[in-house]
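Comments concern the structure below.
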Amino acid sequence: MTTIPIDEPRIEQHSNYLTNGYSVKSWLLTTDHKRIALLYLITITLFFFLGGAFAVLIRLDLMTPAGDLMRDETYNKMFTMHGIIMVFFFLIPAVPAVLGNFLIPLMIGARDLAFPRINLLSWYVFVIGGLFTLASVASGGVDTGWTFYTPYSSTYANTHVVLAALGVFITGFSSILTGLNFIVTVHTMRAPGMTWFRLPLFVWANYATSLIMILGTPVLAVTIVLVAIERIFGVGIFDPKLGGDPLLFQHLFWFYSHPAVYIMILPSMGVISELVTCFSRKRIFGYGFVAVSSLLIAVYGFLVWGHHMFVSGQSVYAGMIFSFLSFFVAIPSAIKVFNWTATLYKGSISYQTPMLYVFGFIGLFAIGGLTGLFLATLAVDVHVHDTYFIVAHFHYIMVGGVVMGYLGGIHFWWPKITGRMYPEGWAKLAALIIFVGFNLTFFPQFLLGYLGMPRRYHVYPEEFQILNVMSSAGASILGVGYLLPLVYLFWSLRWGPAAGPNPWAAAGLEWQTSSPPPTENFEKIPIVTQEAYAYSEGSGFPVSPEADYKEGGSPVVHS
Amino acid sequence: MSKLFTALPSLQFRLMPEDASSISGRVDALYYFLVAVSTFFAGLIFVLVLYFALRYRHRPEVQQPATSHTGNLKLEITWIVIPFVLVMIMFGWGAKLFVEMRTMPPDALEVFVVGKQWMWKLQHPNGRREINELHVPVGRPVMLRMISEDVIHSFYVPAFRMKQDVLPGYYTTAWFEAQKTGRYHLFCAEYCGTEHSSMIGQVIVMEQEDYQRWLAGGDTERSVIELGQELFTGKGSCRTCHSPDSGPRGPDLTGLYGTTVHLQDGRKVTADENYLRESILRPGNKIVFGYESLMPPYEGQLSEEEVLQLIAYIKTLGGTEAAPGSPATRPAREPPTTAPAAMQPTSPSTQPAGARR
Ligand SMILES: [Cu+2]
Ligand SMILES: [Cu+2]
């Protein structure tokens with residue numbers, strides 16, 4: 001540690017987006033997509049650890065069947081706040097708002113997003129929404145579950161529903177603005193030669209995500225407003241006592257919230273496509289299929305919301321149609337997994353940290369996706385709906401998938417973002433701990449679910465204890481795994497070795513500029529002459545940060 | 001902490017819940033099929049990823065052979081078609097079983113379930129009530145007609161692989177046939193507020209004779225239908241407006257259940273339980289063709305249990321109760337094209353079933 005000079009010449013030498021102004025104002029009023037990405041990074045990291053703290057308390061409470069740690073009300077607030085914060089303030093913005101914001105202009109050879117000021121606005125909107133939600137936590141919390149089911153949320157709950165709902169409502173606009181920005185950017189700002197089918201798959205994935213954001217989020221916003229109207233003015237919309245229909249809420253809510261699952265997972269899938277090619281030194285297998293499957297998922301995601309309602313009182317026919325359609329969504333996801341696997345074939349694979357996250361992602365996402373089939377199967381869903389089986393399933397997708405992809409991406413692009421390398425040994429250890437901790441936490445929950453333990457139970461029959469204790473033990477390991485990167489990534493900011501422009505010898509445009517990139521991204525706008533992932537055949541794999549980044553094969557000719 | 005370890009149960013560790021209903025074994029069979037398919041594919045992916053990762057790992061000293069594996073249409077089609085066929089099998093199997101789960105057997109014992117924050121109230125046909133416990137005979141289908149007084153709950157018996165949400169304002173039904181005597185968990189599966197996890201109970205499956213003895217053991221004097229009749233003529237004073245000779249004061253309810261009702265606004269509805277309930281609590285919502293909206297709303301005056309009893313009684317008027325599962329298939333009445341004078345009730349016995357007025 002002490003042998004490394006404190007002043008890294010290679011980083012301080014030329015000005016970059018980090019050195020372009022140090023004042024608070026230069027950050028809070030920046031329109032640089034890279035700085036905004038960092039603002040998001042800091043914000044969502046805070047939310048992640050806050051949401052994680054609630055998870056820790058939940059798992060502690062579930063160690064004993066009697067739920068000795070807290071009272072019913074408190075427990076209900078814990079899982080509600082955990083859900084709201086993780087879904088709306090971490091999972092949905094994580095990859096698009098941090099990595100997408102930072103990388104999309106770099107990847108398509110642009111100087112910024114199409115609307116830099118709207119980009120800044122979206123962060124402020126996000127923060128204001130977050131403050132509302134935090135205000136609801138501080139003033140005593142909400143206890144409706146992140147799903148806000150009516151008429152409990154609209155009439156019966158006596159916690160701060162409106163405040164929390166308002167937070168979610170406002171944050172939605174931040175998604176819409178980001179989505180709009182991405183779509184316009186991808187359409188209008190690609191560098192010369194960057195055709196649609198030369199776009200990195202990460203860009204495709206974010207493009208598909210943006211479509212869902214702008215089409216789906218308004219529905220959520222309207223739904224939340226309706227809940228608030230019923231709650232504040234007593235207008236009958238969802239509560240049958242006032243003449244409303246409680247199932248209407250579920251239709252509206254899941255019309256957004258099923259596609260929202262893809263808002264969360266698609267960008268992570270995009271990350272995986274970037275990582276798997278780089279670390280197996282190969283073009284992606286089936287580029288067209290992977291790209292189009294993102295769009296298929298985005299469109300298809302809007303047709304399957306009713307699979308959350310098989311036992312809700314929805315008609316048998318509706319149940320059958322939604323079950324049928326839900327099985328179709330499995331296909332594009334399967335296409336992706338098989339293509340990633342095939343990309344490894346005859347590659348030149350190295351096990352750097354980001355690649356470990358790829359392996360983790362493929363394994364956990366496969367389990368998450370396959371258990372989704374159980375839930376799409378009508379007769380089985382009747383039994384496992386609203387049990388821990390569901391909890392396990394969506395954590396495999398959300399935490400196993402989204403968070404693995406996010407962390408893989410953060411490690412992969414960390415040298416680009418900061419100009420520094422993180423300590424590889426620690427990073428590998430953390431990836432391993434996360435993988436083990438994750439499985440120990442959530443696999444027992446599949447068993448619990450099939451045994452019949454309902455979700456959102458804080459008191460449970462004794463025979464479920466062993467599996468719950470296993471799960472809580474796993475969670476403590478997982479917690480350590482998440483804290484480690486926080487520590488060593490911070491450490492690397494000061495003591496990490498300089499990364500150089502392209503430490504992984506990766507093929508994307510973002511690696512053709514210096515690390516950290518200059519404020520205007522590229523000295524000259526590159527002209528693209530090759531498809532994405534033009535890893536030259538049989539190229540060696542320079543892992544040392546000093547390696548010449550041209551070695552990886554350059555898809556770019558500077559004009 | 002010491003509490004934790006002393007509280008650990010005697011290591012009775014199981015992977016599957018009790019299998020105690022006519023449907024549970026068949027759900028498990030489908031579950032095993034899904035587990036097998038998933039294990040195969042997850043295993044295939046793990047093995048391939050591991051094998052490729054080791055076989056093709058980067059070796060500085062060895063130049064990797066040049067490859068151009070960037071796609072293969074045949075492979076893509078293979079891994080689209082095979083999963084597609086498999087998921088269609090899953091769909092078909094699951095849907096078939098689901099339809100059976102949702103088709104009420106005709107001879108089922110009907111038990112009323114009223115959920116409220118945070119308890120289950122149940123009533124048997126002979127009038128016996130219980131709370132958070134449901135006694136049922138073994139080997140006989142039991143049908144639950146359920147409603148909530150407040151928020152959404154969900155009636156869940158894992159050992160029967162049976163679950164159905166219980167909604168406010170709308171009846172939902174479910175059925176099961178227990179095949180093993182014993183006590184089984186009853187959970188509320190839909191989050192319903194503070195004491196959601198205490199909204200639990202037991203289903204007690206008994207031998208036929210034990211069940212009969214248990215039924216008789218309560219201090220019940222009147223059956224559900226008798227209670228309904230009492231309300232109809234007594235407290236509810238429905239009879240003053242609903243009798244064969246009530247004329248324009250209100251339609252005769254004889255033979256109503258299961259028929260198609262023509263409404264003032266031109267719509268047609270089937271007179272099922274949910275229609276009857278709405279007609280009693282909020283008569284203004286659906287006004288019968290040819291009548292004035294004279295009926296007072298009973299919302300807030302009758303409890304959910306009382307409404308259930310009234311409906312049970314109304315269903316016995318005119319004896320169409322024999323086909324509760326198929327109201328929609330009954331012949332529809334002639335659309336009322338003539339003046340309301342023609343709507344005067346006639347003797348039900350001279351009319352074919354379902355052709356009142
Ligand atoms: Cu869904
Ligand atoms: Cu409940």
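Identifiers for the structure tokens are assigned positionally: chains receive A, B, ... in sequence, residues are indexed from 1 per chain, and ligands are indexed from 1 in the order shown.
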Original post:
If we count only C-alpha atoms, what is near A:Trp491 at a cut-off of 12 Å, once residues fewer than 5 positions away on the same chain are taken out, given as a PyMOL selection string?
Top reply: chain A and resi 1+418+420-423+426-427+484-486+496-497
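Restricting the atom set to only C-alpha atoms and all ligand atoms, one finds that the residues within 10 Å of ligand 1 amount to A:Trp254, A:Phe255, A:Tyr256, A:Ser257, A:His258, A:Pro259, A:Ala260, A:Val261, A:Tyr262, A:Gly301, A:Phe302, A:Leu303, A:Val304, A:Trp305, A:Gly306, A:His307, A:His308, A:Met309, A:Ser326, A:Gly372, A:Leu375, A:Ala376, A:Phe394.
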Closest contacts (chain A/chain B, max 7 Å, only C-alpha atoms) as JSON lines:
{"residue": "A:Thr64", "atom": "CA", "partner": "B:Leu4", "partner_atom": "CA", "distance": 6.2}
{"residue": "A:Asp72", "atom": "CA", "partner": "B:Thr194", "partner_atom": "CA", "distance": 5.7}
{"residue": "A:Glu73", "atom": "CA", "partner": "B:Thr194", "partner_atom": "CA", "distance": 5.4}
{"residue": "A:Asn76", "atom": "CA", "partner": "B:Thr194", "partner_atom": "CA", "distance": 6.9}
{"residue": "A:Pro151", "atom": "CA", "partner": "B:Val151", "partner_atom": "CA", "distance": 5.6}
{"residue": "A:Tyr152", "atom": "CA", "partner": "B:Val151", "partner_atom": "CA", "distance": 5.4}
{"residue": "A:Pro240", "atom": "CA", "partner": "B:Gly169", "partner_atom": "CA", "distance": 5.4}
{"residue": "A:Arg283", "atom": "CA", "partner": "B:Thr70", "partner_atom": "CA", "distance": 6.0}
{"residue": "A:Ile284", "atom": "CA", "partner": "B:Thr70", "partner_atom": "CA", "distance": 6.0}
{"residue": "A:Phe285", "atom": "CA", "partner": "B:Thr70", "partner_atom": "CA", "distance": 4.3}
{"residue": "A:Gly286", "atom": "CA", "partner": "B:Gly71", "partner_atom": "CA", "distance": 4.4}
{"residue": "A:Val311", "atom": "CA", "partner": "B:Gln164", "partner_atom": "CA", "distance": 5.1}
{"residue": "A:Ser312", "atom": "CA", "partner": "B:Asp165", "partner_atom": "CA", "distance": 5.0}
{"residue": "A:Gly313", "atom": "CA", "partner": "B:Thr172", "partner_atom": "CA", "distance": 6.2}
{"residue": "A:Met320", "atom": "CA", "partner": "B:Ala95", "partner_atom": "CA", "distance": 6.3}
{"residue": "A:Ser323", "atom": "CA", "partner": "B:Phe91", "partner_atom": "CA", "distance": 6.9}
{"residue": "A:Phe324", "atom": "CA", "partner": "B:Phe91", "partner_atom": "CA", "distance": 6.2}
{"residue": "A:Phe327", "atom": "CA", "partner": "B:Val87", "partner_atom": "CA", "distance": 6.1}
{"residue": "A:Ile331", "atom": "CA", "partner": "B:Ile80", "partner_atom": "CA", "distance": 6.5}
{"residue": "A:Ile335", "atom": "CA", "partner": "B:Ile80", "partner_atom": "CA", "distance": 6.8}
{"residue": "A:Thr341", "atom": "CA", "partner": "B:Val49", "partner_atom": "CA", "distance": 6.0}
{"residue": "A:Leu344", "atom": "CA", "partner": "B:Phe52", "partner_atom": "CA", "distance": 6.0}
{"residue": "A:Tyr345", "atom": "CA", "partner": "B:Phe52", "partner_atom": "CA", "distance": 5.8}
{"residue": "A:Lys346", "atom": "CA", "partner": "B:Tyr56", "partner_atom": "CA", "distance": 5.7}
{"residue": "A:Gly347", "atom": "CA", "partner": "B:Tyr56", "partner_atom": "CA", "distance": 5.7}
{"residue": "A:Ser348", "atom": "CA", "partner": "B:His58", "partner_atom": "CA", "distance": 4.5}
{"residue": "A:Ile349", "atom": "CA", "partner": "B:Arg57", "partner_atom": "CA", "distance": 4.2}
{"residue": "A:Ser350", "atom": "CA", "partner": "B:His58", "partner_atom": "CA", "distance": 5.3}
{"residue": "A:Gly363", "atom": "CA", "partner": "B:Phe46", "partner_atom": "CA", "distance": 6.6}
{"residue": "A:Ala366", "atom": "CA", "partner": "B:Ala42", "partner_atom": "CA", "distance": 6.2}
{"residue": "A:Ile367", "atom": "CA", "partner": "B:Ala42", "partner_atom": "CA", "distance": 6.5}
{"residue": "A:Leu370", "atom": "CA", "partner": "B:Ser38", "partner_atom": "CA", "distance": 5.7}
{"residue": "A:Phe374", "atom": "CA", "partner": "B:Leu34", "partner_atom": "CA", "distance": 6.6}
{"residue": "A:Thr377", "atom": "CA", "partner": "B:Gly94", "partner_atom": "CA", "distance": 5.0}
{"residue": "A:Leu378", "atom": "CA", "partner": "B:Gly94", "partner_atom": "CA", "distance": 5.0}
{"residue": "A:Ala379", "atom": "CA", "partner": "B:Phe98", "partner_atom": "CA", "distance": 4.7}
{"residue": "A:Val380", "atom": "CA", "partner": "B:Val27", "partner_atom": "CA", "distance": 6.2}
{"residue": "A:Val382", "atom": "CA", "partner": "B:Lys163", "partner_atom": "CA", "distance": 5.8}
{"residue": "A:His383", "atom": "CA", "partner": "B:Arg161", "partner_atom": "CA", "distance": 4.8}
{"residue": "A:Asp386", "atom": "CA", "partner": "B:Ala189", "partner_atom": "CA", "distance": 5.9}
{"residue": "A:Leu447", "atom": "CA", "partner": "B:Leu15", "partner_atom": "CA", "distance": 6.2}
{"residue": "A:Tyr450", "atom": "CA", "partner": "B:Met16", "partner_atom": "CA", "distance": 6.8}
{"residue": "A:Leu451", "atom": "CA", "partner": "B:Pro17", "partner_atom": "CA", "distance": 4.6}
{"residue": "A:Gly452", "atom": "CA", "partner": "B:Pro158", "partner_atom": "CA", "distance": 5.1}
{"residue": "A:Pro454", "atom": "CA", "partner": "B:Ala189", "partner_atom": "CA", "distance": 5.5}
{"residue": "A:Arg456", "atom": "CA", "partner": "B:Tyr191", "partner_atom": "CA", "distance": 6.6}
{"residue": "A:Tyr457", "atom": "CA", "partner": "B:Ser197", "partner_atom": "CA", "distance": 4.6}
{"residue": "A:His458", "atom": "CA", "partner": "B:Ser197", "partner_atom": "CA", "distance": 6.1}
{"residue": "A:Val459", "atom": "CA", "partner": "B:Ser197", "partner_atom": "CA", "distance": 5.7}
{"residue": "A:Glu462", "atom": "CA", "partner": "B:Pro9", "partner_atom": "CA", "distance": 6.5}
{"residue": "A:Glu463", "atom": "CA", "partner": "B:Pro9", "partner_atom": "CA", "distance": 6.6}
{"residue": "A:Gln465", "atom": "CA", "partner": "B:Leu8", "partner_atom": "CA", "distance": 6.8}
{"residue": "A:Glu537", "atom": "CA", "partner": "B:Ala66", "partner_atom": "CA", "distance": 5.0}
{"residue": "A:Gly538", "atom": "CA", "partner": "B:Gln64", "partner_atom": "CA", "distance": 4.7}
{"residue": "A:Gly540", "atom": "CA", "partner": "B:Pro60", "partner_atom": "CA", "distance": 6.7}
Subject >> strand (DSSP E or B) positions in stretch 87-125 of chain B, given as a ChimeraX atom specification >> reply: /B:109-116,119-123
Produce a file of the selected residues containing N, CA and C atoms, as an mmCIF file, in the first residue's frame.
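Once everything was written out, this is selection.cif:
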data_model
loop_
_atom_site.group_PDB
_atom_site.id
_atom_site.type_symbol
_atom_site.label_atom_id
_atom_site.label_comp_id
_atom_site.auth_asym_id
_atom_site.auth_seq_id
_atom_site.Cartn_x
_atom_site.Cartn_y
_atom_site.Cartn_z
ATOM 1 N N LEU B 109 -70.578 -30.339 0.334
ATOM 2 C CA LEU B 109 -71.100 -29.740 1.553
ATOM 3 C C LEU B 109 -70.728 -28.264 1.511
ATOM 4 N N GLU B 110 -71.705 -27.375 1.689
ATOM 5 C CA GLU B 110 -71.357 -25.963 1.538
ATOM 6 C C GLU B 110 -71.128 -25.310 2.889
ATOM 7 N N VAL B 111 -69.924 -24.793 3.070
ATOM 8 C CA VAL B 111 -69.587 -24.121 4.323
ATOM 9 C C VAL B 111 -69.367 -22.644 4.019
ATOM 10 N N PHE B 112 -69.916 -21.786 4.869
ATOM 11 C CA PHE B 112 -69.710 -20.346 4.676
ATOM 12 C C PHE B 112 -68.440 -19.918 5.400
ATOM 13 N N VAL B 113 -67.667 -19.072 4.734
ATOM 14 C CA VAL B 113 -66.450 -18.553 5.345
ATOM 15 C C VAL B 113 -66.513 -17.032 5.287
ATOM 16 N N VAL B 114 -66.403 -16.398 6.426
ATOM 17 C CA VAL B 114 -66.331 -14.942 6.451
ATOM 18 C C VAL B 114 -64.997 -14.566 7.080
ATOM 19 N N GLY B 115 -64.152 -13.886 6.291
ATOM 20 C CA GLY B 115 -62.867 -13.453 6.816
ATOM 21 C C GLY B 115 -62.963 -12.019 7.279
ATOM 22 N N LYS B 116 -62.285 -11.725 8.362
ATOM 23 C CA LYS B 116 -62.165 -10.318 8.751
ATOM 24 C C LYS B 116 -60.862 -10.150 9.486
ATOM 25 N N MET B 119 -59.511 -12.831 11.738
ATOM 26 C CA MET B 119 -60.049 -14.146 12.109
ATOM 27 C C MET B 119 -60.911 -14.713 10.992
ATOM 28 N N TRP B 120 -61.088 -16.016 11.085
ATOM 29 C CA TRP B 120 -61.952 -16.717 10.140
ATOM 30 C C TRP B 120 -63.213 -17.114 10.870
ATOM 31 N N LYS B 121 -64.385 -16.782 10.308
ATOM 32 C CA LYS B 121 -65.652 -17.206 10.889
ATOM 33 C C LYS B 121 -66.298 -18.181 9.915
ATOM 34 N N LEU B 122 -66.687 -19.318 10.425
ATOM 35 C CA LEU B 122 -67.226 -20.339 9.532
ATOM 36 C C LEU B 122 -68.578 -20.798 10.015
ATOM 37 N N GLN B 123 -69.418 -21.227 9.075
ATOM 38 C CA GLN B 123 -70.723 -21.755 9.449
ATOM 39 C C GLN B 123 -71.078 -22.944 8.571
#
Subject >> For ligand 2, the nearest of the candidates B:Thr233, B:Glu305, B:Gly201, B:Ser21, counting only C-alpha atoms and all ligand atoms >> reply: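 Checking each candidate against ligand 2, we get B:Gly201 as the closest.
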Subject >> Counting only C-alpha atoms and all ligand atoms, the option among B:Met143, B:Ser22, B:His124, B:Trp118 closest to ligand 2 >> reply: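 Nearest candidate to ligand 2 out of B:Met143, B:Ser22, B:His124, B:Trp118: B:Trp118.
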Original post:
So which residues of stretch 149-237 of chain B fall under helix (DSSP H, G or I) by DSSP, listed as a list in words?
Top reply: Pro158, Ala159, Phe160, His196, Ser197, Ser198, Gln208, Glu209, Asp210, Tyr211, Gln212, Arg213, Trp214, Leu215, Ala216, Gly217, Val224, Ile225, Glu226, Leu227, Gly228, Gln229, Glu230, Leu231, Phe232 and Thr233 of chain B
Could you please take those selected residues and save N, CA, C and O atoms as an mmCIF file, in the first residue's frame?
data_model
loop_
_atom_site.group_PDB
_atom_site.id
_atom_site.type_symbol
_atom_site.label_atom_id
_atom_site.label_comp_id
_atom_site.auth_asym_id
_atom_site.auth_seq_id
_atom_site.Cartn_x
_atom_site.Cartn_y
_atom_site.Cartn_z
ATOM 1 N N PRO B 158 -52.196 -25.613 3.066
ATOM 2 C CA PRO B 158 -51.108 -26.225 2.301
ATOM 3 C C PRO B 158 -51.290 -27.730 2.106
ATOM 4 O O PRO B 158 -51.000 -28.239 1.025
ATOM 5 N N ALA B 159 -51.778 -28.415 3.118
ATOM 6 C CA ALA B 159 -51.884 -29.871 3.002
ATOM 7 C C ALA B 159 -52.872 -30.274 1.921
ATOM 8 O O ALA B 159 -52.820 -31.388 1.410
ATOM 9 N N PHE B 160 -53.779 -29.375 1.574
ATOM 10 C CA PHE B 160 -54.739 -29.666 0.503
ATOM 11 C C PHE B 160 -54.314 -29.024 -0.828
ATOM 12 O O PHE B 160 -55.023 -29.151 -1.824
ATOM 13 N N HIS B 196 -51.736 -10.170 10.354
ATOM 14 C CA HIS B 196 -51.829 -11.111 9.237
ATOM 15 C C HIS B 196 -51.297 -12.495 9.615
ATOM 16 O O HIS B 196 -51.937 -13.514 9.358
ATOM 17 N N SER B 197 -50.126 -12.528 10.250
ATOM 18 C CA SER B 197 -49.540 -13.844 10.521
ATOM 19 C C SER B 197 -50.220 -14.554 11.691
ATOM 20 O O SER B 197 -49.883 -15.691 12.005
ATOM 21 N N SER B 198 -51.167 -13.903 12.330
ATOM 22 C CA SER B 198 -51.936 -14.599 13.374
ATOM 23 C C SER B 198 -53.310 -14.995 12.871
ATOM 24 O O SER B 198 -54.112 -15.550 13.611
ATOM 25 N N GLN B 208 -66.534 -39.771 9.142
ATOM 26 C CA GLN B 208 -67.923 -39.366 8.942
ATOM 27 C C GLN B 208 -68.729 -39.311 10.249
ATOM 28 O O GLN B 208 -69.366 -38.303 10.555
ATOM 29 N N GLU B 209 -68.649 -40.415 11.028
ATOM 30 C CA GLU B 209 -69.491 -40.486 12.237
ATOM 31 C C GLU B 209 -69.053 -39.425 13.243
ATOM 32 O O GLU B 209 -69.880 -38.769 13.868
ATOM 33 N N ASP B 210 -67.736 -39.256 13.351
ATOM 34 C CA ASP B 210 -67.237 -38.251 14.290
ATOM 35 C C ASP B 210 -67.729 -36.867 13.890
ATOM 36 O O ASP B 210 -68.090 -36.050 14.732
ATOM 37 N N TYR B 211 -67.727 -36.654 12.571
ATOM 38 C CA TYR B 211 -68.160 -35.347 12.091
ATOM 39 C C TYR B 211 -69.630 -35.134 12.425
ATOM 40 O O TYR B 211 -70.019 -34.063 12.922
ATOM 41 N N GLN B 212 -70.461 -36.190 12.187
ATOM 42 C CA GLN B 212 -71.890 -36.058 12.492
ATOM 43 C C GLN B 212 -72.087 -35.756 13.973
ATOM 44 O O GLN B 212 -72.878 -34.893 14.354
ATOM 45 N N ARG B 213 -71.319 -36.471 14.807
ATOM 46 C CA ARG B 213 -71.426 -36.257 16.245
ATOM 47 C C ARG B 213 -71.018 -34.827 16.577
ATOM 48 O O ARG B 213 -71.656 -34.138 17.363
ATOM 49 N N TRP B 214 -69.932 -34.398 15.915
ATOM 50 C CA TRP B 214 -69.453 -33.043 16.201
ATOM 51 C C TRP B 214 -70.499 -32.003 15.786
ATOM 52 O O TRP B 214 -70.768 -31.056 16.511
ATOM 53 N N LEU B 215 -71.111 -32.227 14.609
ATOM 54 C CA LEU B 215 -72.127 -31.299 14.119
ATOM 55 C C LEU B 215 -73.262 -31.154 15.114
ATOM 56 O O LEU B 215 -73.745 -30.061 15.397
ATOM 57 N N ALA B 216 -73.684 -32.307 15.648
ATOM 58 C CA ALA B 216 -74.820 -32.311 16.574
ATOM 59 C C ALA B 216 -74.427 -31.725 17.915
ATOM 60 O O ALA B 216 -75.289 -31.314 18.702
ATOM 61 N N GLY B 217 -73.132 -31.689 18.172
ATOM 62 C CA GLY B 217 -72.664 -31.297 19.501
ATOM 63 C C GLY B 217 -72.832 -29.826 19.808
ATOM 64 O O GLY B 217 -72.848 -29.421 20.971
ATOM 65 N N VAL B 224 -78.904 -23.195 8.426
ATOM 66 C CA VAL B 224 -78.627 -21.964 7.686
ATOM 67 C C VAL B 224 -79.882 -21.493 6.943
ATOM 68 O O VAL B 224 -80.225 -20.316 6.940
ATOM 69 N N ILE B 225 -80.577 -22.469 6.318
ATOM 70 C CA ILE B 225 -81.756 -22.101 5.530
ATOM 71 C C ILE B 225 -82.872 -21.581 6.440
ATOM 72 O O ILE B 225 -83.536 -20.588 6.132
ATOM 73 N N GLU B 226 -83.022 -22.223 7.575
ATOM 74 C CA GLU B 226 -84.048 -21.746 8.513
ATOM 75 C C GLU B 226 -83.716 -20.348 9.023
ATOM 76 O O GLU B 226 -84.601 -19.494 9.148
ATOM 77 N N LEU B 227 -82.450 -20.134 9.263
ATOM 78 C CA LEU B 227 -82.048 -18.793 9.695
ATOM 79 C C LEU B 227 -82.364 -17.760 8.620
ATOM 80 O O LEU B 227 -82.848 -16.659 8.901
ATOM 81 N N GLY B 228 -82.131 -18.172 7.368
ATOM 82 C CA GLY B 228 -82.411 -17.281 6.250
ATOM 83 C C GLY B 228 -83.896 -16.982 6.153
ATOM 84 O O GLY B 228 -84.312 -15.831 5.951
ATOM 85 N N GLN B 229 -84.703 -18.026 6.318
ATOM 86 C CA GLN B 229 -86.157 -17.838 6.234
ATOM 87 C C GLN B 229 -86.640 -16.888 7.319
ATOM 88 O O GLN B 229 -87.480 -16.021 7.097
ATOM 89 N N GLU B 230 -86.068 -17.067 8.502
ATOM 90 C CA GLU B 230 -86.446 -16.223 9.618
ATOM 91 C C GLU B 230 -86.158 -14.748 9.314
ATOM 92 O O GLU B 230 -86.964 -13.866 9.592
ATOM 93 N N LEU B 231 -84.980 -14.523 8.713
ATOM 94 C CA LEU B 231 -84.628 -13.157 8.337
ATOM 95 C C LEU B 231 -85.585 -12.626 7.279
ATOM 96 O O LEU B 231 -85.996 -11.465 7.303
ATOM 97 N N PHE B 232 -85.938 -13.497 6.353
ATOM 98 C CA PHE B 232 -86.759 -13.099 5.221
ATOM 99 C C PHE B 232 -88.131 -12.620 5.686
ATOM 100 O O PHE B 232 -88.663 -11.625 5.213
ATOM 101 N N THR B 233 -88.679 -13.348 6.636
ATOM 102 C CA THR B 233 -90.012 -12.978 7.104
ATOM 103 C C THR B 233 -89.948 -12.038 8.295
ATOM 104 O O THR B 233 -90.825 -11.215 8.495
#
Original post:
With distances taken over only C-alpha atoms and all ligand atoms, which of B:Leu294, B:Leu263, B:Ser148, B:Trp175 is nearest to ligand 2?
Top reply: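 Between B:Leu294, B:Leu263, B:Ser148, B:Trp175, the residue approaching ligand 2 most closely is B:Ser148.
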